[in-house]
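Here's start_24.json, which has JSON, C-alpha atoms (C1' of nucleotides):
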```json
[["chain", "number", "residue", "atom", "x", "y", "z"],
["A", 1365, "MET", "CA", -109.24, -28.82, 155.72],
["A", 1366, "ASN", "CA", -108.73, -30.98, 152.68],
["A", 1367, "PHE", "CA", -105.58, -31.47, 150.68],
["A", 1368, "GLU", "CA", -106.37, -28.79, 148.16],
["A", 1369, "ASP", "CA", -106.99, -26.12, 150.78],
["A", 1370, "ILE", "CA", -103.71, -26.92, 152.47],
["A", 1371, "ILE", "CA", -101.94, -26.59, 149.16],
["A", 1372, "TYR", "CA", -103.67, -23.29, 148.50],
["A", 1373, "THR", "CA", -102.55, -21.81, 151.77],
["A", 1374, "GLU", "CA", -99.03, -23.13, 151.35],
["A", 1375, "LEU", "CA", -98.94, -21.79, 147.81],
["A", 1376, "SER", "CA", -99.97, -18.35, 148.98],
["A", 1377, "GLN", "CA", -96.94, -18.33, 151.27],
["A", 1378, "ILE", "CA", -94.42, -18.32, 148.45],
["A", 1379, "PRO", "CA", -92.97, -14.80, 148.47],
["A", 1380, "PHE", "CA", -92.85, -12.54, 145.45],
["A", 1381, "GLY", "CA", -89.81, -13.16, 143.33],
["A", 1382, "HIS", "CA", -89.33, -16.69, 144.61],
["A", 1383, "THR", "CA", -90.06, -20.13, 143.22],
["A", 1384, "MET", "CA", -90.47, -23.59, 144.68],
["A", 1385, "SER", "CA", -90.79, -27.06, 143.18],
["A", 1386, "TYR", "CA", -93.93, -29.18, 143.28],
["A", 1387, "GLY", "CA", -92.30, -31.69, 145.56],
["A", 1388, "GLN", "CA", -90.97, -28.98, 147.82],
["A", 1389, "LEU", "CA", -94.39, -27.40, 148.16],
["A", 1390, "ALA", "CA", -95.91, -30.80, 148.85],
["A", 1391, "ARG", "CA", -93.38, -31.54, 151.57],
["A", 1392, "ARG", "CA", -93.88, -28.14, 153.16],
["A", 1393, "ALA", "CA", -97.58, -28.86, 153.22],
["A", 1394, "GLY", "CA", -96.88, -32.09, 155.06],
["A", 1395, "PHE", "CA", -97.41, -34.42, 152.10],
["A", 1396, "PRO", "CA", -94.13, -35.91, 150.92],
["A", 1397, "ASN", "CA", -94.39, -37.74, 147.59],
["A", 1398, "TYR", "CA", -97.44, -35.75, 146.59],
["A", 1399, "ALA", "CA", -95.75, -33.69, 143.90],
["A", 1400, "ARG", "CA", -98.07, -35.03, 141.22],
["A", 1401, "GLN", "CA", -101.09, -34.18, 143.27],
["A", 1402, "VAL", "CA", -99.81, -30.65, 143.64],
["A", 1403, "GLY", "CA", -99.57, -30.54, 139.89],
["A", 1404, "ARG", "CA", -103.13, -31.75, 139.64],
["A", 1405, "VAL", "CA", -104.38, -29.09, 142.05],
["A", 1406, "LEU", "CA", -102.62, -26.31, 140.19],
["A", 1407, "LYS", "CA", -103.97, -27.56, 136.90],
["A", 1408, "ASN", "CA", -107.50, -27.29, 138.21],
["A", 1409, "LEU", "CA", -107.16, -23.78, 139.59],
["A", 1410, "PRO", "CA", -109.76, -21.38, 138.20],
["A", 1411, "LYS", "CA", -108.32, -19.06, 135.60],
["A", 1412, "ASN", "CA", -109.23, -16.07, 137.73],
["A", 1413, "THR", "CA", -107.33, -17.28, 140.78],
["A", 1414, "GLN", "CA", -105.22, -14.84, 142.73],
["A", 1415, "LEU", "CA", -102.86, -17.54, 143.90],
["A", 1416, "PRO", "CA", -99.25, -17.39, 142.62],
["A", 1417, "TRP", "CA", -99.32, -20.70, 140.75],
["A", 1418, "HIS", "CA", -96.61, -19.40, 138.45],
["A", 1419, "ARG", "CA", -94.09, -19.56, 141.30],
["A", 1420, "VAL", "CA", -94.16, -23.34, 141.18],
["A", 1421, "VAL", "CA", -91.67, -24.98, 138.84],
["A", 1422, "ASN", "CA", -90.25, -28.49, 138.53],
["A", 1423, "SER", "CA", -87.29, -29.89, 140.43],
["A", 1424, "GLN", "CA", -84.97, -28.63, 137.69],
["A", 1425, "GLY", "CA", -86.16, -25.10, 138.28],
["A", 1426, "LYS", "CA", -87.90, -25.04, 134.93],
["A", 1427, "ILE", "CA", -91.45, -24.48, 133.76],
["A", 1428, "SER", "CA", -93.38, -27.73, 133.53],
["A", 1429, "PHE", "CA", -95.33, -26.82, 130.43],
["A", 1430, "PRO", "CA", -94.49, -27.71, 126.85],
["A", 1431, "ALA", "CA", -92.29, -24.89, 125.57],
["A", 1432, "GLN", "CA", -94.70, -23.45, 123.05],
["A", 1433, "SER", "CA", -97.88, -23.80, 125.00],
["A", 1434, "ASP", "CA", -100.01, -20.93, 126.21],
["A", 1435, "GLY", "CA", -99.44, -22.06, 129.76],
["A", 1436, "TYR", "CA", -95.70, -21.83, 129.26],
["A", 1437, "LYS", "CA", -95.89, -18.33, 127.87],
["A", 1438, "GLU", "CA", -98.25, -17.22, 130.57],
["A", 1439, "GLN", "CA", -96.05, -18.53, 133.36],
["A", 1440, "ARG", "CA", -92.92, -17.17, 131.73],
["A", 1441, "GLY", "CA", -94.43, -13.72, 131.51],
["A", 1442, "ARG", "CA", -95.49, -13.77, 135.13],
["A", 1443, "LEU", "CA", -92.08, -14.94, 136.34],
["A", 1444, "ILE", "CA", -90.25, -12.35, 134.31],
["A", 1445, "SER", "CA", -92.53, -9.66, 135.66],
["A", 1446, "GLU", "CA", -91.32, -10.67, 139.11],
["A", 1447, "GLY", "CA", -87.71, -10.44, 138.06],
["A", 1448, "ILE", "CA", -87.22, -14.17, 137.85],
["A", 1449, "PRO", "CA", -85.07, -15.22, 134.88],
["A", 1450, "VAL", "CA", -86.38, -17.92, 132.57],
["A", 1451, "ILE", "CA", -83.89, -19.76, 130.39],
["A", 1452, "ASN", "CA", -84.70, -20.15, 126.73],
["A", 1453, "ASP", "CA", -83.64, -23.66, 125.73],
["A", 1454, "LYS", "CA", -83.02, -22.57, 122.16],
["A", 1455, "THR", "CA", -80.75, -19.61, 122.68],
["A", 1456, "LYS", "CA", -79.62, -20.70, 126.14],
["A", 1457, "LYS", "CA", -80.05, -17.11, 127.19],
["A", 1458, "PRO", "CA", -82.34, -16.00, 130.01],
["A", 1459, "TYR", "CA", -85.34, -13.82, 129.53],
["A", 1460, "PHE", "CA", -85.15, -11.18, 132.20],
["A", 1461, "LEU", "CA", -86.37, -7.72, 133.00],
["A", 1462, "GLY", "CA", -85.17, -5.91, 129.95],
["B", 5, "DC", "C1'", -111.45, -53.87, 137.93],
["B", 6, "DA", "C1'", -108.05, -52.37, 134.03],
["B", 7, "DG", "C1'", -105.65, -48.74, 131.46],
["B", 8, "DG", "C1'", -103.93, -44.41, 130.45],
["B", 9, "DG", "C1'", -102.32, -40.23, 131.89],
["B", 10, "DG", "C1'", -100.91, -35.90, 134.65],
["B", 11, "DG", "C1'", -97.82, -28.58, 135.49],
["B", 12, "DC", "C1'", -93.69, -34.81, 139.42],
["B", 13, "DT", "C1'", -88.97, -36.82, 140.87],
["B", 14, "DA", "C1'", -84.65, -39.34, 141.03],
["B", 15, "DA", "C1'", -81.46, -42.14, 138.81],
["B", 16, "DG", "C1'", -79.19, -44.06, 134.54],
["B", 17, "DG", "C1'", -77.75, -44.41, 129.52],
["C", 481, "DG", "C1'", -79.03, -31.99, 126.12],
["C", 482, "DC", "C1'", -82.05, -36.15, 125.04],
["C", 483, "DC", "C1'", -84.54, -40.55, 126.46],
["C", 484, "DT", "C1'", -86.15, -44.52, 129.56],
["C", 485, "DT", "C1'", -87.34, -46.77, 133.97],
["C", 486, "DA", "C1'", -89.27, -46.87, 138.28],
["C", 487, "DG", "C1'", -91.76, -44.92, 141.97],
["C", 488, "DC", "C1'", -95.24, -42.01, 143.47],
["C", 489, "DC", "C1'", -100.75, -40.89, 144.10],
["C", 490, "DC", "C1'", -104.82, -39.69, 142.20],
["C", 491, "DC", "C1'", -108.19, -38.90, 138.40],
["C", 492, "DC", "C1'", -110.95, -40.26, 134.51],
["C", 493, "DT", "C1'", -112.73, -43.44, 131.12]]
```
I need this file expressed as structure tokens, please.
Amino acid sequence: MNFEDIIYTELSQIPFGHTMSYGQLARRAGFPNYARQVGRVLKNLPKNTQLPWHRVVNSQGKISFPAQSDGYKEQRGRLISEGIPVINDKTKKPYFLG
DNA sequence: CAGGGGGCTAAGG
DNA sequence: GCCTTAGCCCCCT
């Protein structure tokens, strides 16, 4: 098993409605200090992947995409659909179910 | 080999 | 909140 496969399996273990940081996921996979590599793996995931990549956020609990980017919106939508609040930096209010 | 850059992190101003 | 520095590891040009 290579690094990517280990990350895939570890990623698939994150339960619905939960999030985990890149570094946390890396450590759980047995690769401390590999947060950036986790980011690289997620970036290269095929668009059709079934893996819950959206459940991975940075160490501040925030989405690691530029706030206007498509990736940001996509991840935000997925998190909200799981009941996970996402703070809007502008209004300081959380997007949430409803 | 050198340089630049990532879905990163922790620590400081 | 913003920004910079330093450390990390790997990828691409």
Near chain C, 10 Å: chain A residue rows, closest pairs, all atoms listed in the file, as JSON lines:
```
{"residue": "A:Pro1396", "atom": "CA", "partner": "C:DC488", "partner_atom": "C1'", "distance": 9.7}
{"residue": "A:Asn1397", "atom": "CA", "partner": "C:DC488", "partner_atom": "C1'", "distance": 6.0}
{"residue": "A:Tyr1398", "atom": "CA", "partner": "C:DC489", "partner_atom": "C1'", "distance": 6.6}
{"residue": "A:Ala1399", "atom": "CA", "partner": "C:DC488", "partner_atom": "C1'", "distance": 8.3}
{"residue": "A:Arg1400", "atom": "CA", "partner": "C:DC489", "partner_atom": "C1'", "distance": 7.1}
{"residue": "A:Gln1401", "atom": "CA", "partner": "C:DC490", "partner_atom": "C1'", "distance": 6.7}
{"residue": "A:Arg1404", "atom": "CA", "partner": "C:DC490", "partner_atom": "C1'", "distance": 8.5}
{"residue": "A:Asp1453", "atom": "CA", "partner": "C:DG481", "partner_atom": "C1'", "distance": 9.5}
```
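Residues in contact range of Glu1368 in chain A, defined as at most 10 Å between all atoms listed in the file, with sequence neighbours fewer than 5 positions away removed, read Thr1373, Glu1374, Gln1401, Val1402, Arg1404, Val1405, Leu1406 and Leu1409 of chain A.
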Residue list for chain A near chain B as a ChimeraX atom specification, 8 Å, only C-alpha atoms (C1' of nucleotides): /A:1386-1387,1399-1400,1403-1404,1406-1407,1421-1423,1427-1429
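Taking CA of Gly1394 in chain A as the reference point, CA of Arg1440 in chain A is found at 28.0 Å.
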Pairwise distance for CA of Ile1371 in chain A and CA of Gly1435 in chain A, rounded to one decimal in Å: 20.1 Å
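If you look at CA of Pro1449 in chain A and CA of Pro1416 in chain A, they are 16.3 Å away from each other.
Within 12 Å of the file-frame point (-102.8, -15.9, 139.7), and using all atoms listed in the file, the polymer residues found are Tyr1372, Leu1375, Ser1376, Phe1380, Leu1406, Leu1409, Pro1410, Lys1411, Asn1412, Thr1413, Gln1414, Leu1415, Pro1416, Trp1417, His1418, Arg1419, Val1420, Glu1438, Gln1439, Gly1441, Arg1442 and Leu1443 of chain A.
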Selection above as a file: C-alpha atoms, as a compact mmCIF listing (two decimals), in the coordinates of the input:
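Saved file out_32.txt follows:
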```txt
# COMPACT_ATOMS: atom_id res chain seq x y z
CA TYR A 1372 -103.67 -23.29 148.50
CA LEU A 1375 -98.94 -21.79 147.81
CA SER A 1376 -99.97 -18.35 148.98
CA PHE A 1380 -92.85 -12.54 145.45
CA LEU A 1406 -102.62 -26.31 140.19
CA LEU A 1409 -107.16 -23.78 139.59
CA PRO A 1410 -109.76 -21.38 138.20
CA LYS A 1411 -108.32 -19.06 135.60
CA ASN A 1412 -109.23 -16.07 137.73
CA THR A 1413 -107.33 -17.28 140.78
CA GLN A 1414 -105.22 -14.84 142.73
CA LEU A 1415 -102.86 -17.54 143.90
CA PRO A 1416 -99.25 -17.39 142.62
CA TRP A 1417 -99.32 -20.70 140.75
CA HIS A 1418 -96.61 -19.40 138.45
CA ARG A 1419 -94.09 -19.56 141.30
CA VAL A 1420 -94.16 -23.34 141.18
CA GLU A 1438 -98.25 -17.22 130.57
CA GLN A 1439 -96.05 -18.53 133.36
CA GLY A 1441 -94.43 -13.72 131.51
CA ARG A 1442 -95.49 -13.77 135.13
CA LEU A 1443 -92.08 -14.94 136.34
```
Coordinate excerpt as a CSV table (one decimal), in the first residue's frame: chain C, all heavy atoms:
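Saved result, decode-v8.csv, follows:
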```csv
chain,number,residue,atom,x,y,z
C,481,DG,P,-10.4,34.9,12.2
C,481,DG,OP1,-9.5,34.0,12.7
C,481,DG,OP2,-11.6,34.6,11.5
C,481,DG,O5',-9.9,36.3,11.8
C,481,DG,C5',-10.8,37.3,11.3
C,481,DG,C4',-10.1,38.6,11.1
C,481,DG,O4',-9.7,39.1,12.3
C,481,DG,C3',-8.8,38.4,10.3
C,481,DG,O3',-9.1,38.5,8.9
C,481,DG,C2',-8.0,39.6,10.7
C,481,DG,C1',-8.4,39.7,12.2
C,481,DG,N9,-7.5,39.2,13.1
C,481,DG,C8,-7.7,38.1,13.9
C,481,DG,N7,-6.6,37.8,14.7
C,481,DG,C5,-5.7,38.8,14.4
C,481,DG,C6,-4.4,39.0,14.9
C,481,DG,O6,-3.8,38.3,15.7
C,481,DG,N1,-3.8,40.1,14.3
C,481,DG,C2,-4.4,40.9,13.4
C,481,DG,N2,-3.7,41.9,12.9
C,481,DG,N3,-5.6,40.7,12.9
C,481,DG,C4,-6.2,39.6,13.4
C,482,DC,P,-8.3,37.6,7.8
C,482,DC,OP1,-9.1,37.6,6.6
C,482,DC,OP2,-7.8,36.4,8.5
C,482,DC,O5',-7.0,38.5,7.5
C,482,DC,C5',-7.1,39.9,7.2
C,482,DC,C4',-5.7,40.5,7.6
C,482,DC,O4',-5.5,40.4,9.0
C,482,DC,C3',-4.5,39.9,6.9
C,482,DC,O3',-4.2,40.5,5.7
C,482,DC,C2',-3.4,40.1,7.9
C,482,DC,C1',-4.1,40.4,9.2
C,482,DC,N1,-3.8,39.4,10.3
C,482,DC,C2,-2.7,39.5,11.0
C,482,DC,O2,-1.9,40.5,10.8
C,482,DC,N3,-2.4,38.6,12.0
C,482,DC,C4,-3.3,37.6,12.2
C,482,DC,N4,-3.0,36.7,13.2
C,482,DC,C5,-4.5,37.4,11.4
C,482,DC,C6,-4.7,38.4,10.5
C,483,DC,P,-3.3,39.7,4.6
C,483,DC,OP1,-3.1,40.5,3.4
C,483,DC,OP2,-3.7,38.3,4.6
C,483,DC,O5',-1.9,39.7,5.4
C,483,DC,C5',-1.1,40.9,5.5
C,483,DC,C4',0.2,40.6,6.3
C,483,DC,O4',-0.2,40.0,7.5
C,483,DC,C3',1.1,39.6,5.6
C,483,DC,O3',2.2,40.3,5.1
C,483,DC,C2',1.5,38.7,6.7
C,483,DC,C1',0.8,39.2,8.0
C,483,DC,N1,0.3,38.1,8.8
C,483,DC,C2,1.0,37.7,9.9
C,483,DC,O2,2.1,38.2,10.2
C,483,DC,N3,0.5,36.7,10.7
C,483,DC,C4,-0.7,36.1,10.3
C,483,DC,N4,-1.1,35.1,11.1
C,483,DC,C5,-1.4,36.6,9.2
C,483,DC,C6,-0.9,37.6,8.4
C,484,DT,P,3.4,39.5,4.3
C,484,DT,OP1,4.2,40.4,3.5
C,484,DT,OP2,2.7,38.3,3.6
C,484,DT,O5',4.3,38.9,5.5
C,484,DT,C5',4.9,39.8,6.4
C,484,DT,C4',5.8,39.0,7.3
C,484,DT,O4',5.0,38.2,8.2
C,484,DT,C3',6.8,38.1,6.6
C,484,DT,O3',8.1,38.3,7.1
C,484,DT,C2',6.3,36.7,7.0
C,484,DT,C1',5.6,36.9,8.3
C,484,DT,N1,4.5,36.0,8.6
C,484,DT,C2,4.5,35.2,9.7
C,484,DT,O2,5.5,35.3,10.5
C,484,DT,N3,3.5,34.4,10.0
C,484,DT,C4,2.4,34.3,9.1
C,484,DT,O4,1.5,33.5,9.4
C,484,DT,C5,2.4,35.1,7.9
C,484,DT,C7,1.2,35.0,7.0
C,484,DT,C6,3.4,35.9,7.7
C,485,DT,P,9.4,37.5,6.4
C,485,DT,OP1,10.5,38.4,6.4
C,485,DT,OP2,8.9,36.9,5.1
C,485,DT,O5',9.6,36.3,7.4
C,485,DT,C5',9.5,36.6,8.8
C,485,DT,C4',9.9,35.3,9.6
C,485,DT,O4',8.7,34.6,9.9
C,485,DT,C3',10.9,34.4,8.8
C,485,DT,O3',11.9,33.9,9.7
C,485,DT,C2',9.9,33.2,8.4
C,485,DT,C1',8.9,33.2,9.5
C,485,DT,N1,7.6,32.8,9.1
C,485,DT,C2,6.9,31.9,10.0
C,485,DT,O2,7.3,31.6,11.1
C,485,DT,N3,5.6,31.6,9.5
C,485,DT,C4,5.0,31.9,8.4
C,485,DT,O4,3.9,31.5,8.1
C,485,DT,C5,5.8,32.8,7.5
C,485,DT,C7,5.2,33.2,6.2
C,485,DT,C6,7.0,33.1,7.9
C,486,DA,P,13.1,33.1,9.2
C,486,DA,OP1,14.3,33.4,9.9
C,486,DA,OP2,13.1,33.0,7.7
C,486,DA,O5',12.6,31.6,9.7
C,486,DA,C5',12.2,31.4,11.0
C,486,DA,C4',11.7,30.0,11.2
C,486,DA,O4',10.3,29.9,10.7
C,486,DA,C3',12.5,29.0,10.4
C,486,DA,O3',12.9,27.9,11.2
C,486,DA,C2',11.6,28.6,9.3
C,486,DA,C1',10.2,28.7,9.9
C,486,DA,N9,9.1,29.0,9.0
C,486,DA,C8,9.1,29.8,7.9
C,486,DA,N7,7.9,29.8,7.3
C,486,DA,C5,7.2,28.9,8.0
C,486,DA,C6,5.8,28.5,7.9
C,486,DA,N6,5.0,28.9,6.9
C,486,DA,N1,5.3,27.7,8.8
C,486,DA,C2,6.1,27.3,9.8
C,486,DA,N3,7.4,27.6,10.0
C,486,DA,C4,7.9,28.4,9.1
C,487,DG,P,13.9,26.8,10.7
C,487,DG,OP1,14.8,26.5,11.8
C,487,DG,OP2,14.4,27.2,9.4
C,487,DG,O5',12.9,25.6,10.5
C,487,DG,C5',12.1,25.2,11.6
C,487,DG,C4',11.1,24.1,11.1
C,487,DG,O4',10.0,24.8,10.4
C,487,DG,C3',11.6,23.1,10.2
C,487,DG,O3',11.5,21.8,10.8
C,487,DG,C2',10.8,23.2,9.0
C,487,DG,C1',9.6,23.9,9.4
C,487,DG,N9,8.9,24.7,8.4
C,487,DG,C8,9.5,25.7,7.6
C,487,DG,N7,8.7,26.2,6.7
C,487,DG,C5,7.5,25.5,6.9
C,487,DG,C6,6.3,25.5,6.3
C,487,DG,O6,5.9,26.3,5.3
C,487,DG,N1,5.3,24.7,6.8
C,487,DG,C2,5.6,23.8,7.8
C,487,DG,N2,4.6,23.0,8.2
C,487,DG,N3,6.7,23.7,8.5
C,487,DG,C4,7.6,24.6,8.0
C,488,DC,P,12.2,20.6,9.9
C,488,DC,OP1,12.6,19.5,10.9
C,488,DC,OP2,13.2,21.1,8.9
C,488,DC,O5',11.0,20.0,9.0
C,488,DC,C5',9.8,19.5,9.7
C,488,DC,C4',8.7,19.3,8.8
C,488,DC,O4',8.3,20.5,8.2
C,488,DC,C3',9.1,18.5,7.5
C,488,DC,O3',8.9,17.1,7.8
C,488,DC,C2',8.2,19.0,6.5
C,488,DC,C1',7.7,20.3,7.0
C,488,DC,N1,8.1,21.4,6.1
C,488,DC,C2,7.1,22.0,5.2
C,488,DC,O2,6.0,21.5,5.2
C,488,DC,N3,7.5,23.0,4.4
C,488,DC,C4,8.7,23.5,4.5
C,488,DC,N4,9.0,24.5,3.7
C,488,DC,C5,9.7,23.0,5.4
C,488,DC,C6,9.3,21.9,6.2
C,489,DC,P,9.9,16.1,7.1
C,489,DC,OP1,9.7,14.8,7.8
C,489,DC,OP2,11.2,16.7,6.9
C,489,DC,O5',9.2,15.9,5.6
C,489,DC,C5',7.9,15.4,5.5
C,489,DC,C4',7.4,15.4,4.1
C,489,DC,O4',7.2,16.8,3.7
C,489,DC,C3',8.4,14.8,3.1
C,489,DC,O3',7.8,13.9,2.3
C,489,DC,C2',8.9,16.1,2.3
C,489,DC,C1',7.7,17.0,2.4
C,489,DC,N1,8.0,18.4,2.2
C,489,DC,C2,7.1,19.1,1.4
C,489,DC,O2,6.1,18.5,0.9
C,489,DC,N3,7.3,20.4,1.2
C,489,DC,C4,8.4,21.0,1.8
C,489,DC,N4,8.5,22.3,1.5
C,489,DC,C5,9.3,20.3,2.6
C,489,DC,C6,9.0,19.0,2.8
C,490,DC,P,8.6,13.0,1.3
C,490,DC,OP1,8.4,11.6,1.7
C,490,DC,OP2,10.0,13.6,1.2
C,490,DC,O5',7.9,13.3,-0.1
C,490,DC,C5',6.5,13.5,-0.1
C,490,DC,C4',6.1,14.4,-1.2
C,490,DC,O4',6.6,15.8,-0.9
C,490,DC,C3',6.7,14.1,-2.6
C,490,DC,O3',5.7,13.7,-3.4
C,490,DC,C2',7.5,15.3,-3.0
C,490,DC,C1',6.9,16.4,-2.1
C,490,DC,N1,7.8,17.5,-1.9
C,490,DC,C2,7.4,18.8,-2.3
C,490,DC,O2,6.3,18.9,-2.9
C,490,DC,N3,8.2,19.8,-2.0
C,490,DC,C4,9.4,19.6,-1.4
C,490,DC,N4,10.1,20.7,-1.2
C,490,DC,C5,9.8,18.3,-0.9
C,490,DC,C6,8.9,17.3,-1.2
C,491,DC,P,6.0,13.1,-4.8
C,491,DC,OP1,5.0,12.0,-5.1
C,491,DC,OP2,7.5,12.8,-4.9
C,491,DC,O5',5.7,14.3,-5.8
C,491,DC,C5',4.4,14.9,-5.7
C,491,DC,C4',4.4,16.1,-6.6
C,491,DC,O4',5.2,17.2,-6.0
C,491,DC,C3',5.0,15.9,-8.0
C,491,DC,O3',4.1,16.2,-9.0
C,491,DC,C2',6.2,16.8,-8.0
C,491,DC,C1',5.9,17.9,-7.0
C,491,DC,N1,7.1,18.5,-6.3
C,491,DC,C2,7.3,19.8,-6.4
C,491,DC,O2,6.5,20.5,-7.0
C,491,DC,N3,8.4,20.4,-5.8
C,491,DC,C4,9.3,19.6,-5.2
C,491,DC,N4,10.4,20.1,-4.6
C,491,DC,C5,9.1,18.2,-5.1
C,491,DC,C6,8.0,17.6,-5.7
C,492,DC,P,4.5,15.8,-10.5
C,492,DC,OP1,3.2,15.3,-11.1
C,492,DC,OP2,5.7,14.9,-10.5
C,492,DC,O5',4.9,17.2,-11.1
C,492,DC,C5',4.0,18.2,-11.0
C,492,DC,C4',4.7,19.5,-11.5
C,492,DC,O4',5.7,19.9,-10.5
C,492,DC,C3',5.4,19.3,-12.8
C,492,DC,O3',5.0,20.3,-13.7
C,492,DC,C2',6.9,19.5,-12.5
C,492,DC,C1',6.9,20.3,-11.2
C,492,DC,N1,8.0,20.0,-10.3
C,492,DC,C2,8.8,21.1,-9.9
C,492,DC,O2,8.5,22.3,-10.3
C,492,DC,N3,9.9,20.9,-9.2
C,492,DC,C4,10.2,19.7,-8.8
C,492,DC,N4,11.3,19.5,-8.0
C,492,DC,C5,9.4,18.6,-9.2
C,492,DC,C6,8.3,18.8,-9.9
C,493,DT,P,5.5,20.2,-15.3
C,493,DT,OP1,4.3,20.5,-16.1
C,493,DT,OP2,6.3,18.9,-15.5
C,493,DT,O5',6.5,21.4,-15.5
C,493,DT,C5',6.1,22.7,-15.0
C,493,DT,C4',7.3,23.6,-14.9
C,493,DT,O4',8.2,23.1,-13.8
C,493,DT,C3',8.2,23.6,-16.1
C,493,DT,O3',8.5,25.0,-16.4
C,493,DT,C2',9.5,22.9,-15.7
C,493,DT,C1',9.5,23.2,-14.2
C,493,DT,N1,10.3,22.2,-13.4
C,493,DT,C2,11.3,22.7,-12.6
C,493,DT,O2,11.6,23.9,-12.5
C,493,DT,N3,12.0,21.8,-11.9
C,493,DT,C4,11.8,20.4,-11.9
C,493,DT,O4,12.4,19.7,-11.2
C,493,DT,C5,10.7,20.0,-12.8
C,493,DT,C7,10.4,18.5,-12.9
C,493,DT,C6,10.0,20.9,-13.5
```
